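What's in coords-v8.cif: mmCIF, C-alpha atoms
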data_structure
loop_
_atom_site.label_atom_id
_atom_site.label_comp_id
_atom_site.auth_asym_id
_atom_site.auth_seq_id
_atom_site.Cartn_x
_atom_site.Cartn_y
_atom_site.Cartn_z
CA MET O 19 17.56 -15.58 4.83
CA GLY O 20 20.21 -13.28 6.21
CA PRO O 21 19.41 -9.96 7.79
CA GLU O 22 20.25 -7.95 4.67
CA LEU O 23 17.39 -8.56 2.32
CA PRO O 24 16.62 -6.58 -0.78
CA THR O 25 13.21 -5.08 -0.09
CA GLU O 26 13.36 -3.71 -3.64
CA ALA O 27 12.18 -7.15 -4.78
CA LEU O 28 8.94 -6.85 -2.82
CA SER O 29 5.61 -5.65 -4.16
CA ASP O 30 4.09 -2.41 -2.88
CA GLU O 31 1.53 -4.54 -1.04
CA ALA O 32 4.21 -6.52 0.82
CA LEU O 33 6.15 -3.33 1.59
CA LEU O 34 3.06 -1.70 3.08
CA ALA O 35 2.43 -4.77 5.24
CA LEU O 36 6.00 -4.47 6.56
CA VAL O 37 5.73 -0.71 7.08
CA ALA O 38 2.59 -1.38 9.13
CA ARG O 39 4.86 -3.43 11.43
CA GLY O 40 7.37 -0.59 11.67
CA ASP O 41 9.86 -1.78 9.03
CA GLU O 42 12.10 1.17 8.18
CA GLU O 43 13.82 -0.59 5.29
CA ALA O 44 10.50 -1.25 3.56
CA PHE O 45 9.56 2.39 4.21
CA ARG O 46 12.74 3.59 2.54
CA THR O 47 11.99 1.47 -0.50
CA LEU O 48 8.54 3.02 -0.75
CA PHE O 49 10.12 6.47 -0.38
CA ARG O 50 12.39 5.76 -3.34
CA ARG O 51 9.50 4.47 -5.41
CA TYR O 52 7.00 7.24 -4.72
CA ALA O 53 8.57 10.42 -3.34
CA GLY O 54 9.49 11.68 -6.84
CA SER O 55 5.86 11.30 -7.92
CA PHE O 56 4.63 13.11 -4.82
CA LEU O 57 6.99 15.98 -5.55
CA ALA O 58 5.86 16.09 -9.19
CA LEU O 59 2.25 16.20 -8.06
CA ALA O 60 2.98 19.00 -5.59
CA ARG O 61 4.72 21.01 -8.33
CA ARG O 62 1.83 20.36 -10.72
CA MET O 63 -0.51 21.72 -8.04
CA GLY O 64 1.48 24.93 -7.79
CA LEU O 65 3.62 24.16 -4.76
CA ASP O 66 7.20 25.21 -5.38
CA GLY O 67 10.38 24.93 -3.37
CA ALA O 68 9.98 24.11 0.29
CA ALA O 69 6.21 23.68 -0.06
CA GLY O 70 6.74 20.75 -2.42
CA GLU O 71 9.18 19.13 -0.03
CA ASP O 72 6.70 19.63 2.81
CA VAL O 73 4.16 17.65 0.78
CA VAL O 74 6.61 14.78 0.29
CA GLN O 75 7.40 14.72 4.00
CA GLU O 76 3.75 14.88 5.01
CA ALA O 77 2.76 12.19 2.48
CA MET O 78 5.50 9.86 3.73
CA ILE O 79 4.58 10.44 7.40
CA ARG O 80 0.98 9.58 6.56
CA ILE O 81 2.16 6.38 4.88
CA TRP O 82 4.18 5.49 7.98
CA GLU O 83 1.24 6.17 10.28
CA ARG O 84 -1.54 4.75 8.14
CA ALA O 85 0.05 1.72 6.44
CA LYS O 86 -1.91 -0.49 8.82
CA GLU O 87 -5.15 0.82 7.29
CA PHE O 88 -4.23 -0.57 3.88
CA ASP O 89 -6.53 -3.41 2.88
CA PRO O 90 -5.68 -5.06 -0.46
CA ARG O 91 -9.32 -6.05 -0.85
CA ARG O 92 -10.22 -2.36 -1.19
CA GLY O 93 -7.67 -1.49 -3.88
CA SER O 94 -4.06 -1.70 -4.95
CA ALA O 95 -1.21 -0.45 -2.78
CA ARG O 96 -0.25 1.92 -5.59
CA ALA O 97 -3.67 3.61 -5.52
CA PHE O 98 -3.56 3.73 -1.70
CA LEU O 99 -0.13 5.41 -1.74
CA LEU O 100 -0.94 7.87 -4.51
CA THR O 101 -4.23 8.78 -2.79
CA LEU O 102 -2.40 9.52 0.47
CA GLY O 103 0.15 11.59 -1.47
CA HIS O 104 -2.56 13.52 -3.29
CA HIS O 105 -4.52 14.20 -0.12
CA ALA O 106 -1.34 15.53 1.50
CA ALA O 107 -0.81 17.84 -1.48
CA VAL O 108 -4.44 19.00 -1.46
CA ASP O 109 -4.24 19.82 2.24
CA GLU O 110 -1.05 21.81 1.70
CA VAL O 111 -2.52 23.72 -1.26
CA ARG O 112 -5.55 24.63 0.82
CA ARG O 113 -3.41 25.59 3.81
CA ARG O 114 -1.30 27.92 1.72
CA ALA O 115 -4.07 28.84 -0.73
CA ALA O 116 -1.21 28.54 -3.19
CA ARG O 117 -3.02 27.97 -6.40
CA PRO O 118 -1.21 29.78 -9.17
CA VAL O 119 -3.86 29.07 -11.80
CA PRO O 120 -6.41 31.89 -12.28
CA LEU O 121 -9.52 31.22 -10.27
CA GLU O 122 -11.85 32.20 -13.09
CA PRO O 123 -12.53 29.24 -15.33
CA ASP O 124 -11.08 29.79 -18.76
CA PRO O 125 -12.92 27.92 -21.52
CA GLU O 126 -9.73 27.70 -23.53
CA ALA O 127 -7.61 26.51 -20.66
CA GLU O 128 -6.33 23.16 -21.81
CA GLU O 129 -2.68 23.66 -20.97
CA GLY O 130 -3.15 21.88 -17.67
CA PHE O 131 -3.26 18.60 -19.50
CA ASP O 132 -0.29 19.19 -21.73
CA LEU O 133 1.86 16.81 -19.82
CA PRO O 134 5.60 17.35 -19.81
CA GLY O 135 7.75 15.51 -22.32
CA PRO O 136 9.51 12.18 -21.96
CA GLY O 137 11.00 11.42 -18.58
CA LEU O 138 13.85 9.14 -17.78
CA ASP O 139 12.32 5.79 -18.52
CA GLU O 140 10.39 4.55 -21.49
CA GLU O 141 7.64 2.76 -19.59
CA ALA O 142 6.76 5.84 -17.57
CA HIS O 143 6.71 7.86 -20.76
CA LEU O 144 4.22 5.42 -22.30
CA ASP O 145 2.04 5.69 -19.18
CA ARG O 146 2.04 9.45 -19.50
CA ALA O 147 1.22 9.33 -23.19
CA ARG O 148 -1.65 6.96 -22.43
CA LEU O 149 -3.03 9.28 -19.76
CA HIS O 150 -2.66 12.24 -22.08
CA ARG O 151 -4.67 10.41 -24.75
CA ALA O 152 -7.31 9.43 -22.21
CA LEU O 153 -7.71 13.01 -21.00
CA LYS O 154 -8.11 14.20 -24.57
CA ALA O 155 -11.08 11.85 -24.91
CA LEU O 156 -12.97 13.80 -22.23
CA SER O 157 -15.13 16.80 -23.02
CA PRO O 158 -13.60 20.21 -22.17
CA GLU O 159 -16.16 20.53 -19.35
CA GLU O 160 -15.15 17.19 -17.86
CA ARG O 161 -11.46 18.08 -18.11
CA ARG O 162 -12.11 21.37 -16.37
CA VAL O 163 -13.83 19.59 -13.50
CA LEU O 164 -10.87 17.22 -13.08
CA GLU O 165 -8.41 20.10 -13.30
CA THR O 166 -10.26 22.19 -10.72
CA LEU O 167 -10.83 19.38 -8.27
CA TYR O 168 -7.76 17.17 -8.63
CA TYR O 169 -4.95 19.51 -9.64
CA GLN O 170 -6.12 22.76 -8.09
CA GLY O 171 -7.33 21.17 -4.88
CA TYR O 172 -10.67 22.93 -4.55
CA THR O 173 -13.43 21.35 -2.50
CA HIS O 174 -16.55 20.41 -4.42
CA GLN O 175 -18.47 23.38 -2.96
CA GLU O 176 -15.72 25.82 -3.99
CA ALA O 177 -15.42 24.26 -7.43
CA ALA O 178 -19.16 24.44 -8.02
CA ARG O 179 -19.04 28.18 -7.27
CA LEU O 180 -15.96 28.75 -9.42
CA LEU O 181 -17.32 26.85 -12.37
CA ASP O 182 -20.79 28.25 -11.84
CA LEU O 183 -22.37 24.81 -11.72
CA PRO O 184 -25.02 23.35 -9.42
CA LEU O 185 -23.36 20.97 -6.95
CA GLY O 186 -25.29 18.02 -8.38
CA THR O 187 -24.03 18.74 -11.90
CA LEU O 188 -20.46 18.98 -10.66
CA LYS O 189 -20.78 15.59 -8.94
CA THR O 190 -22.31 13.99 -12.01
CA ARG O 191 -19.58 15.44 -14.21
CA ALA O 192 -16.83 14.24 -11.89
CA ARG O 193 -18.27 10.73 -11.84
CA LYS O 194 -18.70 10.68 -15.61
CA ALA O 195 -15.19 12.03 -16.22
CA LEU O 196 -13.62 9.31 -14.05
CA SER O 197 -15.74 6.63 -15.64
CA LYS O 198 -14.77 7.74 -19.15
CA LEU O 199 -11.13 8.01 -18.13
CA LYS O 200 -11.24 4.46 -16.83
CA GLU O 201 -12.71 3.16 -20.08
CA VAL O 202 -10.16 4.92 -22.25
CA LEU O 203 -7.24 3.88 -20.03
CA ARG O 204 -8.39 0.30 -20.32
CA GLU O 205 -8.16 0.37 -24.11
CA PRO O 206 -5.00 -1.25 -25.49
CA MET T 7 -22.84 8.22 6.94
CA SER T 8 -25.08 5.77 5.08
CA PRO T 9 -23.69 3.64 2.23
CA GLU T 10 -25.78 5.68 -0.22
CA GLU T 11 -24.37 8.97 1.01
CA ALA T 12 -20.84 7.57 0.87
CA ARG T 13 -21.39 6.21 -2.65
CA ASP T 14 -22.55 9.64 -3.79
CA LEU T 15 -19.31 11.17 -2.50
CA LEU T 16 -16.92 8.48 -3.78
CA PRO T 17 -15.87 10.24 -7.03
CA LEU T 18 -15.18 13.42 -5.05
CA TYR T 19 -13.24 11.41 -2.48
CA ALA T 20 -11.14 9.84 -5.24
CA LEU T 21 -10.43 13.32 -6.66
CA GLY T 22 -9.48 14.70 -3.25
CA ALA T 23 -12.34 17.21 -3.45
CA LEU T 24 -13.87 16.67 -0.01
CA THR T 25 -13.25 18.68 3.13
CA PRO T 26 -11.10 16.86 5.73
CA GLY T 27 -14.24 16.08 7.76
CA GLU T 28 -16.10 14.63 4.79
CA ARG T 29 -13.01 12.67 3.77
CA GLN T 30 -12.80 11.09 7.19
CA ARG T 31 -16.48 10.16 7.19
CA VAL T 32 -16.16 8.52 3.76
CA GLU T 33 -13.12 6.57 4.98
CA GLU T 34 -15.08 5.36 7.99
CA ALA T 35 -17.97 4.33 5.72
CA LEU T 36 -15.53 2.46 3.46
CA LYS T 37 -14.31 0.41 6.41
CA ARG T 38 -17.87 -0.37 7.42
CA TYR T 39 -19.53 -1.19 4.08
CA PRO T 40 -17.74 -3.77 1.91
CA GLU T 41 -20.41 -3.32 -0.76
CA LEU T 42 -18.73 0.02 -1.59
CA TRP T 43 -15.32 -1.53 -2.23
CA PRO T 44 -15.60 -2.46 -5.94
CA GLU T 45 -16.73 1.04 -6.88
CA ALA T 46 -14.24 2.76 -4.58
CA ARG T 47 -11.46 0.60 -5.96
CA ALA T 48 -12.28 1.48 -9.59
CA LEU T 49 -12.53 5.21 -8.84
CA LEU T 50 -9.33 5.36 -6.77
CA GLU T 51 -7.35 3.36 -9.32
CA THR T 52 -8.47 5.73 -12.08
CA ALA T 53 -7.89 8.93 -10.11
CA SER T 54 -4.43 7.75 -9.08
CA GLU T 55 -3.47 7.69 -12.77
CA LEU T 56 -3.73 11.49 -12.68
CA ALA T 57 -0.77 11.48 -10.28
CA ALA T 58 1.07 8.52 -11.80
CA GLY T 59 0.98 10.22 -15.20
CA LEU T 60 3.31 13.01 -14.10
CA PRO T 61 7.04 12.44 -14.62
CA PRO T 62 8.66 11.98 -11.19
CA GLU T 63 10.75 14.95 -10.02
CA PRO T 64 14.33 14.50 -8.85
CA LEU T 65 14.44 14.68 -5.07
CA PRO T 66 16.41 17.29 -3.17
CA GLU T 67 19.48 15.96 -1.42
CA GLY T 68 18.88 15.02 2.19
CA LEU T 69 15.10 14.75 1.90
CA GLU T 70 15.09 11.01 2.58
CA ALA T 71 17.20 11.49 5.72
CA ARG T 72 14.89 14.27 6.92
CA VAL T 73 11.82 12.08 6.42
CA LEU T 74 13.49 9.19 8.24
CA ARG T 75 14.31 11.44 11.19
CA ARG T 76 10.67 12.47 11.37
CA ILE T 77 9.21 8.97 11.27
CA ARG T 78 11.56 7.86 14.04
CA ARG T 79 9.97 10.50 16.22
CA VAL T 80 6.46 9.41 15.24
CA ARG T 81 6.71 5.77 16.25
CA PRO T 82 9.55 3.64 17.52
CA SER T 83 10.70 0.87 15.23
CA TRP T 84 10.06 -2.73 16.27
CA GLY T 85 13.74 -3.51 16.12
CA ARG T 86 15.71 -4.94 13.27
CA PRO T 87 15.73 -8.71 13.98
CA LEU T 88 11.99 -9.06 13.86
CA LEU T 89 11.74 -6.83 10.83
CA ALA T 90 14.42 -8.73 8.99
CA ALA T 91 12.55 -11.92 9.86
CA ALA T 92 9.33 -10.59 8.46
CA ALA T 93 11.05 -9.32 5.32
CA ALA T 94 12.83 -12.65 4.89
CA LEU T 95 9.63 -14.52 5.30
CA LEU T 96 7.86 -12.43 2.73
CA LEU T 97 10.72 -12.64 0.30
CA VAL T 98 10.93 -16.42 0.50
CA ALA T 99 7.19 -16.78 0.43
CA LEU T 100 6.94 -14.71 -2.73
CA GLY T 101 8.59 -17.61 -4.50
CA TYR T 102 5.54 -19.68 -3.55
CA GLY T 103 2.98 -17.11 -4.54
CA ALA T 104 0.15 -19.58 -4.86
CA TYR T 105 0.57 -20.60 -1.23
CA PHE T 106 1.12 -17.15 0.15
CA GLY T 107 -2.27 -15.62 -0.32
CA LEU T 108 -3.84 -12.36 0.53
CA SER T 109 -4.71 -13.45 4.05
CA TRP T 110 -1.05 -13.82 5.05
CA THR T 111 -0.18 -10.40 3.70
CA LEU T 112 -3.09 -9.05 5.72
CA ALA T 113 -1.99 -11.05 8.78
CA LEU T 114 1.34 -9.28 8.88
CA GLY T 115 -0.55 -6.06 9.40
CA GLU T 116 -2.43 -7.38 12.44
CA ALA T 117 -1.12 -6.66 15.91
CA SER T 118 -2.20 -10.15 17.07
CA ALA T 119 0.08 -11.88 14.53
CA ARG T 120 3.46 -13.03 15.84
CA VAL T 121 6.51 -13.55 13.65
CA LEU T 122 8.92 -16.10 15.16
CA THR T 123 12.29 -17.35 14.00
CA LEU T 124 12.85 -21.10 14.00
CA VAL T 125 16.32 -21.81 15.34
CA GLY T 126 18.21 -25.09 14.90
CA PRO T 127 20.25 -26.92 17.58
CA ASP T 128 23.36 -25.02 16.47
CA GLY T 129 21.61 -21.70 17.03
CA ALA T 130 21.35 -20.86 13.33
CA PRO T 131 17.98 -19.74 11.95
CA VAL T 132 16.34 -22.41 9.79
CA GLY T 133 13.05 -20.70 9.02
CA ARG T 134 10.27 -18.41 10.18
CA THR T 135 6.70 -18.75 11.30
CA VAL T 136 3.80 -16.36 11.41
CA VAL T 137 1.14 -17.30 13.97
CA ARG T 138 -2.11 -15.43 13.58
CA GLY T 139 -4.42 -14.53 16.43
CA ASP T 140 -6.96 -17.12 15.22
CA GLY T 141 -4.45 -20.00 15.46
CA GLU T 142 -3.57 -20.24 11.77
CA ALA T 143 0.17 -20.57 11.30
CA LEU T 144 2.48 -20.27 8.31
CA VAL T 145 5.91 -21.94 8.26
CA VAL T 146 8.64 -20.97 5.81
CA LEU T 147 11.85 -23.02 5.87
CA LYS T 148 15.12 -22.45 4.09
CA ALA T 149 15.10 -25.55 1.91
CA PRO T 150 13.24 -28.79 1.14
CA PRO T 151 13.98 -31.77 3.45
CA PRO T 152 16.89 -34.14 2.64
CA PRO T 153 16.03 -37.17 0.46
CA GLY T 154 14.05 -39.86 2.29
CA ARG T 155 12.91 -37.51 5.06
CA VAL T 156 9.91 -35.24 5.55
CA TYR T 157 9.27 -32.23 7.72
CA GLN T 158 6.76 -32.51 10.53
CA ALA T 159 5.26 -29.64 12.49
CA TRP T 160 4.58 -29.78 16.24
CA GLY T 161 2.20 -27.66 18.26
CA LEU T 162 3.90 -26.33 21.40
CA GLY T 163 1.93 -25.54 24.53
CA LYS T 164 2.22 -26.54 28.17
CA GLY T 165 2.37 -30.34 27.75
CA GLU T 166 3.94 -32.71 25.23
CA PRO T 167 4.44 -31.45 21.65
CA VAL T 168 1.30 -32.16 19.62
CA PRO T 169 2.11 -33.90 16.30
CA LEU T 170 0.77 -31.96 13.31
CA SER T 171 0.98 -32.88 9.65
CA THR T 172 4.08 -33.73 7.64
CA PHE T 173 5.15 -31.72 4.59
CA ARG T 174 7.81 -31.68 1.90
CA LEU T 175 7.63 -28.16 0.48
CA PRO T 176 9.50 -25.59 2.57
CA LEU T 177 6.29 -23.62 2.99
CA LYS T 178 3.19 -24.83 4.76
CA THR T 179 0.15 -23.53 6.61
CA PHE T 180 -1.41 -25.20 9.68
CA ARG T 181 -4.18 -24.73 12.15
CA LEU T 182 -2.66 -24.97 15.61
CA PRO T 183 -4.56 -26.95 18.25
CA PRO T 184 -6.13 -24.63 20.85
CA GLU T 185 -3.56 -25.48 23.54
CA ALA T 186 -0.59 -24.72 21.25
CA LYS T 187 0.89 -21.23 21.27
CA ALA T 188 3.76 -21.81 18.84
CA LEU T 189 5.15 -24.51 16.63
CA ALA T 190 8.39 -26.35 16.04
CA VAL T 191 9.57 -28.39 13.07
CA SER T 192 11.39 -31.73 13.01
CA LEU T 193 12.83 -34.09 10.39
CA GLU T 194 11.02 -37.42 10.25
CA PRO T 195 10.76 -40.57 8.17
CA PRO T 196 7.95 -40.46 5.58
CA GLY T 197 4.57 -40.71 7.28
CA GLY T 198 5.70 -38.79 10.33
CA SER T 199 6.11 -39.80 13.97
CA ARG T 200 4.24 -39.55 17.25
CA ARG T 201 7.25 -37.97 18.95
CA PRO T 202 9.87 -35.71 17.34
CA THR T 203 12.86 -37.67 15.96
CA GLU T 204 15.24 -34.86 15.03
CA ILE T 205 14.26 -31.33 16.03
CA LEU T 206 15.11 -28.99 13.20
CA GLY T 207 13.81 -25.67 14.46
CA LEU T 208 12.41 -24.31 17.72
CA PRO T 209 10.63 -20.97 17.90
CA GLN T 210 12.47 -17.93 19.15
CA PRO T 211 10.69 -14.59 19.24
#
If you convert what's in this file into structure tokens, what do you get?
Amino acid sequence: MGPELPTEALSDEALLALVARGDEEAFRTLFRRYAGSFLALARRMGLDGAAGEDVVQEAMIRIWERAKEFDPRRGSARAFLLTLGHHAAVDEVRRRAARPVPLEPDPEAEEGFDLPGPGLDEEAHLDRARLHRALKALSPEERRVLETLYYQGYTHQEAARLLDLPLGTLKTRARKALSKLKEVLREP
Amino acid sequence: MSPEEARDLLPLYALGALTPGERQRVEEALKRYPELWPEARALLETASELAAGLPPEPLPEGLEARVLRRIRRVRPSWGRPLLAAAAALLLVALGYGAYFGLSWTLALGEASARVLTLVGPDGAPVGRTVVRGDGEALVVLKAPPPPGRVYQAWGLGKGEPVPLSTFRLPLKTFRLPPEAKALAVSLEPPGGSRRPTEILGLPQP
């Protein structure tokens, strides 16, 4: 039990518990695990260059400040971290109004879900292929709702206007899309 | 915000589609209403796949150092010894997953929990303890006791050490008596003793 301990061996949950106590080493391990995903998400949401880096910085600061709020009974550490990262990206997109995708909904617009090709490791590639398959199982309307809300960062009121949907329909569609996604992701 | 209102907004929360004000109100409702947790958990886990499914981007050089500089300004670190102790404790305890449950992971996040190093007569660390605000304590030692001996824990307060139970595994939880603020560990013959025979570790913050 010397002072130099490999925090890499710890779960995300244990790392967050240590970050909540101010552990910089645990924080660095989380940075190495998640910062690349935060940057990818920022890029996917249309934030290039310095804006993408700002998202990573903001996401990591939020993790540092809010690690104490993590409660494993309410969800996994991974979901907690990715939610904080996504919220940071959404806030930056809205601040810069930097959405490069045309605001008018395009019925043929499916390219948003053509995920990039294989990355560096096989397991991550399989995860991406699984997500891609799951998204294909949604209706085009459900995919468009996910794209507009999650990847373009619109609020539900803005999205309802853009997609020309009553707010209630948008909410129902978002719930249904997530529920279907969950079912398909669960399939072997 | 009522639980019903929060439930209605949960999918939009998971998709990041709320305004900052709405987001904050949903987060407050989530803390308050445990009945929302199963649904929130399922939605957040699913939505997070939309981020996890993107191939991670290579990071610009120096970004990690820049982030570290910023967090040091946000909140001072607790200092390395304590942090190393906590990390060590977690690392060792992970080997005894069945004993180290959710509550101890949660306890490390509580301000009332204290992490103490147990130091032997020669000044070398022999283990760690976490003492929660409610008096529950976890002890993690480096190794099992030598053959023919057992460990015994002692509650430390103002008076004599209070004998607690004996144990053989190098990881054990206790409830401290109300007067005890910390605990020590000794080596004893099987069955334990009324007074410590050979002090193995005394607490040092």
Which of O:Glu76, O:Glu110, O:Gly70, O:Ile81 sits closest to Gly40 (chain O) [using only C-alpha atoms]: O:Ile81
Distance-based interface of chain O with chain T, 6 Å, counting only C-alpha atoms, as a list of chain:residue names: O:Met19, O:Pro21, O:Ala35, O:Ala38, O:Gly40, O:Asp41, O:Gly54, O:Ser55, O:Leu57, O:Ala58, O:Gln75, O:Lys86, O:Arg92, O:Gly93, O:Ala97, O:Leu100, O:His105, O:Gly137, O:Arg146, O:Leu167, O:Tyr168, O:Thr173, O:His174, O:Arg193, O:Lys200
Coordinates-based distance that separates CA of Ala68 (chain O) from CA of Arg114 (chain O) (Å, one decimal): 12.0 Å
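CA of Leu181 (chain O) lies 24.3 Å from CA of Thr101 (chain O).
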CA of Leu144 (chain T) to CA of Thr47 (chain O), straight-line distance in Å: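 So the two atoms, CA of Thr47 (chain O) and CA of Leu144 (chain T), lie 25.3 Å apart.
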Selection as a list in words: residues within 12 Å of (6.9, -28.1, 23.3), counting all atoms listed in the file: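 Result, sorted by chain then residue number: Ala159, Trp160, Gly161, Leu162, Gly163, Lys164, Gly165, Glu166, Pro167, Val168, Pro169, Glu185, Ala186, Lys187, Ala188, Leu189, Ala190, Val191, Ser192, Arg201, Pro202, Ile205, Gly207, Leu208 and Pro209 of chain T.
Restricting the calculation to only C-alpha atoms, the smallest distance between Phe56 (chain O) and any of O:Leu102, O:Ile79, O:Leu28, O:Leu34 is found for O:Leu102.
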The PyMOL selection byres ((chain T and resi 141) around 6) applied to the shown file, residues as a compact mmCIF listing (two decimals) with C-alpha atoms, in the coordinates of the input:
# COMPACT_ATOMS: atom_id res chain seq x y z
CA ARG T 138 -2.11 -15.43 13.58
CA GLY T 139 -4.42 -14.53 16.43
CA ASP T 140 -6.96 -17.12 15.22
CA GLU T 142 -3.57 -20.24 11.77
CA ARG T 181 -4.18 -24.73 12.15
CA LEU T 182 -2.66 -24.97 15.61
Top pick for closest residue to Arg200 (chain T), considering T:Val121, T:Val137, T:Leu177, T:Leu170 and counting only C-alpha atoms: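 Selected residue with least distance to Arg200 (chain T): T:Leu170.
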